Structures are given as structure tokens and as C-alpha cells.
Amino acid sequence: MSDDPASVALFLIHGWGFTPDFWQPVRARLGQVEATALDLGFFGAARMADRPAGRHVAVGHSLGALWLLLNPPAECVGMLLINGFARFGAAEDYRQGVSPRVIERMARGLDHHPDDVVAAFRGRTGITTPAPGAARAERLAWALDLLRNADARAACDAGQGAGLPPIRVLAGAEDPIAPPAMTEASFLGRVPVEWVEDGGHLLPLTHPDRCADAITRMIAEPCPP
């Protein structure tokens with residue numbers, strides 16, 4: 001979002017059960033764009049304090065998208081939420097979300113078999129490669145609590161009034177984790193959604209060109225007044 005796209009960096013936040021390496025296929029297609037990636041600490045030490053220096057576009061995948069909405073960074077001039085949502089867990093006014101019982105069952109499994117819980121989730125997303133290391137149950141449980149309870153719908157509805165920059169969503173029409181009904185309901189029709197017709201829940205891995213193109217377009221948009 002700049003007359004000089006090279007002056008705008010990227011801030012990348014991965015989803016549940018992944019690491020910053022998740023972004024490598026997209027970063028490879030973006031060339032020399034400066035990027036800072038958080039590590040939520042699911043398989044090693046968390047790295048949560050890093051931020052880009054100056055103006056940037058923030059890109060979050062799945063849980064990472066929700067985290068961004070809850071923690072909008074300073075000097076962020078735009079957000080791209082990939083396979084994202086403003087709320088994940090179902091509520092009385094949000095039947096399209098995932099039942100808390102499902103999330104609680106995953107949380108209980110983390111107490112005894114965290115690697116199995118991660119493997120099962122990754123399998124549901126369609127990835128066949130093993131997790132990059134031993135699962136850290138306490139960090140995964142922290143993130144599940146966000147997925148069960150956090151709600152950024154009001155902030156999305158308020159937009160800039162809630163301190164959020166312009167937001168775009170890139171979503172998979174065949175996403176088994178955040179299906180279209182959830183995507184549409186969580187953003188209340190207030191946020192533009194671009195659909196990848198054959199896309200699932202791992203667009204940065206399966207459709208890195210579409211993701212890179214969406215990021216490039218967002219960087220190139222003029223900044224809002």
C-alpha cells in the first residue's frame with residue numbers, strides 16, 4: 001500500500017500446528033521483499049516480539065489471521081487474512097463456528113498425546129509431511145484457547161474505528177477447517193473475500209502464486225488517507 005512498494009515490508013504469522021517455514025513457497029515468489037515472521041512456538045522456542053521496522057502489510061494464515069485481528073501491529077497499512085476468520089469457535093450467535101466440544105477434545109488430547117493431536121489436525125488440512133519436531137503442548141493449548149474463545153467480529157465490523165487497517169481475505173472454497181459459511185459469517189459481509197475455487201486450508205502451500213499475487217496487489221494499493 002505504497003507508491004513505492006519496495007518500501008513496504010511484510011509481517012507473517014503462521015497457523016496452528018505449523019512454523020514460520022510454512023511461508024517459504026510464498027516468500028520464494030515475492031523475491032526481495034523484506035519479511036519478518038513470528039514463530040508461535042508450537043515446535044520450539046516462541047519468537048513473538050519481532051516486528052518489521054516501519055510500514056508493512058501483515059499476512060496471517062488461519063489462527064495467525066485471528067491473532068492479527070486481536071493484535072493489530074503499529075504501522076500496519078493493510079492485512080491479508082489467508083484461510084482466516086474473525087471467530088473460530090461456535091457461539092449462540094455464531095452457529096457456523098466449530099463446536100467447543102471439538103476444540104476441548106483436542107485440548108484434552110494435548111495433555112497426553114500432543115504429537116498425535118497435531119498429526120491428526122495436519123492430516124485433516126491435507127498435508128502429508130510430518131510435523132517439524134516434537135509438539136509443545138502448552139503453546140498449542142494456549143492457541144486452542146484463542147480458537148475456542150477469541151472473537152474479533154466487532155473489530156472487523158468497526159474497521160478503522162477499531163484501529164484496524166484495510167483488510168482483505170483470501171479463502172478456499174473447499175476449505176475443510178474454515179469452510180465458506182464460517183468465512184462469510186465471521187466477517188459479517190464487511191470484508192472483501194477472494195475465493196480460490198479449488199483451494200483448501202493450506203493456500204500458501206497449495207496455491208503460493210495466488211497468495212503472492214494477493215500480497216503484491218495489497219502492497220501496491222494506495223495507502224488510505
# chains A, B, ... in the order shown; residues from 1 in each chain; ligands from 1

$ closest_atom_pairs --of "segment 152-209 of chain A" --to "segment 66-80 of chain A" --cutoff "8 Å" --atoms "only C-alpha atoms" --output "CSV"
residue,atom,partner,partner_atom,distance
A:Ala152,CA,A:Leu69,CA,6.2
A:Ala155,CA,A:Leu69,CA,7.5
A:Cys156,CA,A:Leu69,CA,7.7
A:Gly163,CA,A:Pro72,CA,7.4
A:Leu164,CA,A:Pro72,CA,6.4
A:Pro165,CA,A:Gly78,CA,5.0
A:Pro166,CA,A:Gly78,CA,5.0
A:Ile167,CA,A:Met79,CA,4.8
A:Arg168,CA,A:Leu80,CA,4.9
A:Val169,CA,A:Leu80,CA,5.7
A:Leu170,CA,A:Leu80,CA,7.2

$ closest_atom_pairs --of "segment 93-166 of chain A" --to "segment 173-193 of chain A" --cutoff "8 Å" --atoms "only C-alpha atoms" --output "tab-separated table"
residue	atom	partner	partner_atom	distance
A:Tyr94	CA	A:Ala185	CA	7.5
A:Gln96	CA	A:Met182	CA	5.0
A:Gly97	CA	A:Met182	CA	6.0
A:Arg124	CA	A:Pro176	CA	7.4
A:Thr125	CA	A:Pro176	CA	6.9
A:Arg153	CA	A:Ser186	CA	6.2
A:Cys156	CA	A:Phe187	CA	6.6
A:Asp157	CA	A:Arg190	CA	6.3

$ residues_around --residues "Leu63 of chain A" --least-positions-apart "4" --cutoff "12 Å" --atoms "only C-alpha atoms" --output "ChimeraX atom specification"
/A:12-19,40,59,67-70,81-89,140,142-148,150-152,177-178,201

$ residues_around --residues "Ala49 of chain A" --least-positions-apart "3" --cutoff "10 Å" --atoms "only C-alpha atoms" --output "ChimeraX atom specification"
/A:38-39,46

$ closest_residue --among "A:Ala141, A:Ala131, A:Ala212, A:Ala90" --to "Gly109 of chain A" --atoms "only C-alpha atoms"
A:Ala141

$ closest_residue --among "A:Ala45, A:Ala9, A:Ala28, A:Ala158" --to "Arg136 of chain A" --atoms "only C-alpha atoms"
A:Ala45

$ closest_residue --among "A:Ala107, A:Val26, A:Ile127, A:Ala58" --to "Asp213 of chain A" --atoms "only C-alpha atoms"
A:Val26

$ residues_around --residues "His207 of chain A" --least-positions-apart "2" --cutoff "10 Å" --atoms "only C-alpha atoms" --output "PyMOL selection string"
chain A and resi 25-26+172+196+198-200+202-205+209-212

$ select_by_dssp --residues "segment 5-163 of chain A" --states "strand (DSSP E)" --output "NGL selection string"
:A and (9-13 or 35-37 or 56-61 or 76-82)

$ closest_residue --among "A:Val118, A:Ile219, A:Ala91, A:Val98" --to "Pro130 of chain A" --atoms "only C-alpha atoms"
A:Val118

$ select_by_dssp --residues "segment 10-223 of chain A" --states "alpha helix (DSSP H)" --output "ChimeraX atom specification"
/A:24-30,63-70,100-112,114-125,137-149,153-158,180-186,203-206,208-220

$ closest_residue --among "A:Val57, A:Ala37, A:Ala137, A:Ile103" --to "Asp21 of chain A" --atoms "only C-alpha atoms"
A:Ala37

$ atom_distance --atom1 "atom CA of His112 of chain A" --atom2 "atom CA of His61 of chain A"
27.0 Å

$ decode --residues "segment 109-123 of chain A" --atoms "all heavy atoms" --output "short mmCIF file (atom, residue, chain, number, x, y, z; two decimals), in the first residue's frame"
data_model
loop_
_atom_site.label_atom_id
_atom_site.label_comp_id
_atom_site.auth_asym_id
_atom_site.auth_seq_id
_atom_site.Cartn_x
_atom_site.Cartn_y
_atom_site.Cartn_z
N GLY A 109 -6.52 -34.02 24.46
CA GLY A 109 -5.53 -34.88 23.83
C GLY A 109 -4.12 -34.35 23.98
O GLY A 109 -3.16 -35.12 24.07
N LEU A 110 -3.98 -33.02 24.04
CA LEU A 110 -2.65 -32.43 24.19
C LEU A 110 -2.02 -32.81 25.52
O LEU A 110 -0.79 -32.83 25.64
CB LEU A 110 -2.73 -30.91 24.08
CG LEU A 110 -3.03 -30.34 22.69
CD1 LEU A 110 -3.19 -28.83 22.78
CD2 LEU A 110 -1.93 -30.70 21.70
N ASP A 111 -2.84 -33.11 26.52
CA ASP A 111 -2.31 -33.46 27.84
C ASP A 111 -1.49 -34.75 27.80
O ASP A 111 -0.57 -34.93 28.61
CB ASP A 111 -3.44 -33.61 28.85
CG ASP A 111 -4.11 -32.28 29.18
OD1 ASP A 111 -3.46 -31.24 28.99
OD2 ASP A 111 -5.27 -32.30 29.63
N HIS A 112 -1.83 -35.66 26.90
CA HIS A 112 -1.20 -36.98 26.90
C HIS A 112 -0.51 -37.34 25.58
O HIS A 112 0.51 -38.03 25.60
CB HIS A 112 -2.24 -38.05 27.23
CG HIS A 112 -2.95 -37.81 28.52
ND1 HIS A 112 -2.34 -37.96 29.75
CD2 HIS A 112 -4.23 -37.40 28.79
CE1 HIS A 112 -3.20 -37.67 30.72
NE2 HIS A 112 -4.36 -37.33 30.15
N HIS A 113 -1.07 -36.87 24.46
CA HIS A 113 -0.55 -37.28 23.16
C HIS A 113 -0.49 -36.08 22.20
O HIS A 113 -1.16 -36.08 21.16
CB HIS A 113 -1.40 -38.39 22.55
CG HIS A 113 -1.57 -39.59 23.44
ND1 HIS A 113 -0.55 -40.48 23.69
CD2 HIS A 113 -2.64 -40.01 24.16
CE1 HIS A 113 -0.98 -41.42 24.52
NE2 HIS A 113 -2.24 -41.16 24.82
N PRO A 114 0.28 -35.05 22.53
CA PRO A 114 0.28 -33.84 21.70
C PRO A 114 0.71 -34.09 20.25
O PRO A 114 0.15 -33.49 19.33
CB PRO A 114 1.25 -32.91 22.42
CG PRO A 114 2.10 -33.80 23.28
CD PRO A 114 1.21 -34.93 23.67
N ASP A 115 1.69 -34.97 20.05
CA ASP A 115 2.13 -35.22 18.68
C ASP A 115 1.02 -35.86 17.85
O ASP A 115 0.87 -35.55 16.65
CB ASP A 115 3.36 -36.13 18.68
CG ASP A 115 4.58 -35.46 19.27
OD1 ASP A 115 4.80 -34.27 18.99
OD2 ASP A 115 5.31 -36.11 20.04
N ASP A 116 0.22 -36.73 18.47
CA ASP A 116 -0.88 -37.36 17.75
C ASP A 116 -1.95 -36.34 17.39
O ASP A 116 -2.55 -36.41 16.30
CB ASP A 116 -1.49 -38.48 18.59
CG ASP A 116 -0.55 -39.66 18.77
OD1 ASP A 116 0.44 -39.77 18.01
OD2 ASP A 116 -0.78 -40.47 19.69
N VAL A 117 -2.23 -35.42 18.31
CA VAL A 117 -3.23 -34.39 18.03
C VAL A 117 -2.80 -33.52 16.86
O VAL A 117 -3.58 -33.22 15.95
CB VAL A 117 -3.48 -33.52 19.29
CG1 VAL A 117 -4.41 -32.36 18.96
CG2 VAL A 117 -4.06 -34.37 20.41
N VAL A 118 -1.53 -33.13 16.86
CA VAL A 118 -1.01 -32.31 15.76
C VAL A 118 -1.06 -33.09 14.45
O VAL A 118 -1.48 -32.55 13.41
CB VAL A 118 0.43 -31.85 16.07
CG1 VAL A 118 1.06 -31.22 14.84
CG2 VAL A 118 0.42 -30.86 17.23
N ALA A 119 -0.65 -34.35 14.48
CA ALA A 119 -0.65 -35.16 13.26
C ALA A 119 -2.07 -35.30 12.69
O ALA A 119 -2.27 -35.23 11.47
CB ALA A 119 -0.05 -36.53 13.53
N ALA A 120 -3.04 -35.51 13.58
CA ALA A 120 -4.42 -35.66 13.12
C ALA A 120 -4.93 -34.37 12.48
O ALA A 120 -5.60 -34.39 11.44
CB ALA A 120 -5.31 -36.08 14.29
N PHE A 121 -4.60 -33.24 13.11
CA PHE A 121 -5.05 -31.96 12.55
C PHE A 121 -4.40 -31.71 11.20
O PHE A 121 -5.07 -31.33 10.23
CB PHE A 121 -4.73 -30.83 13.52
CG PHE A 121 -4.99 -29.47 12.92
CD1 PHE A 121 -6.27 -28.99 12.81
CD2 PHE A 121 -3.93 -28.70 12.43
CE1 PHE A 121 -6.52 -27.74 12.22
CE2 PHE A 121 -4.17 -27.47 11.85
CZ PHE A 121 -5.46 -27.00 11.75
N ARG A 122 -3.09 -31.90 11.14
CA ARG A 122 -2.40 -31.67 9.87
C ARG A 122 -2.94 -32.59 8.78
O ARG A 122 -3.06 -32.18 7.62
CB ARG A 122 -0.89 -31.86 10.06
CG ARG A 122 -0.24 -30.72 10.83
CD ARG A 122 1.19 -31.06 11.27
NE ARG A 122 2.09 -31.29 10.16
CZ ARG A 122 2.91 -30.38 9.64
NH1 ARG A 122 2.93 -29.14 10.14
NH2 ARG A 122 3.73 -30.69 8.65
N GLY A 123 -3.31 -33.80 9.15
CA GLY A 123 -3.91 -34.69 8.17
C GLY A 123 -5.23 -34.17 7.65
O GLY A 123 -5.53 -34.27 6.46
#
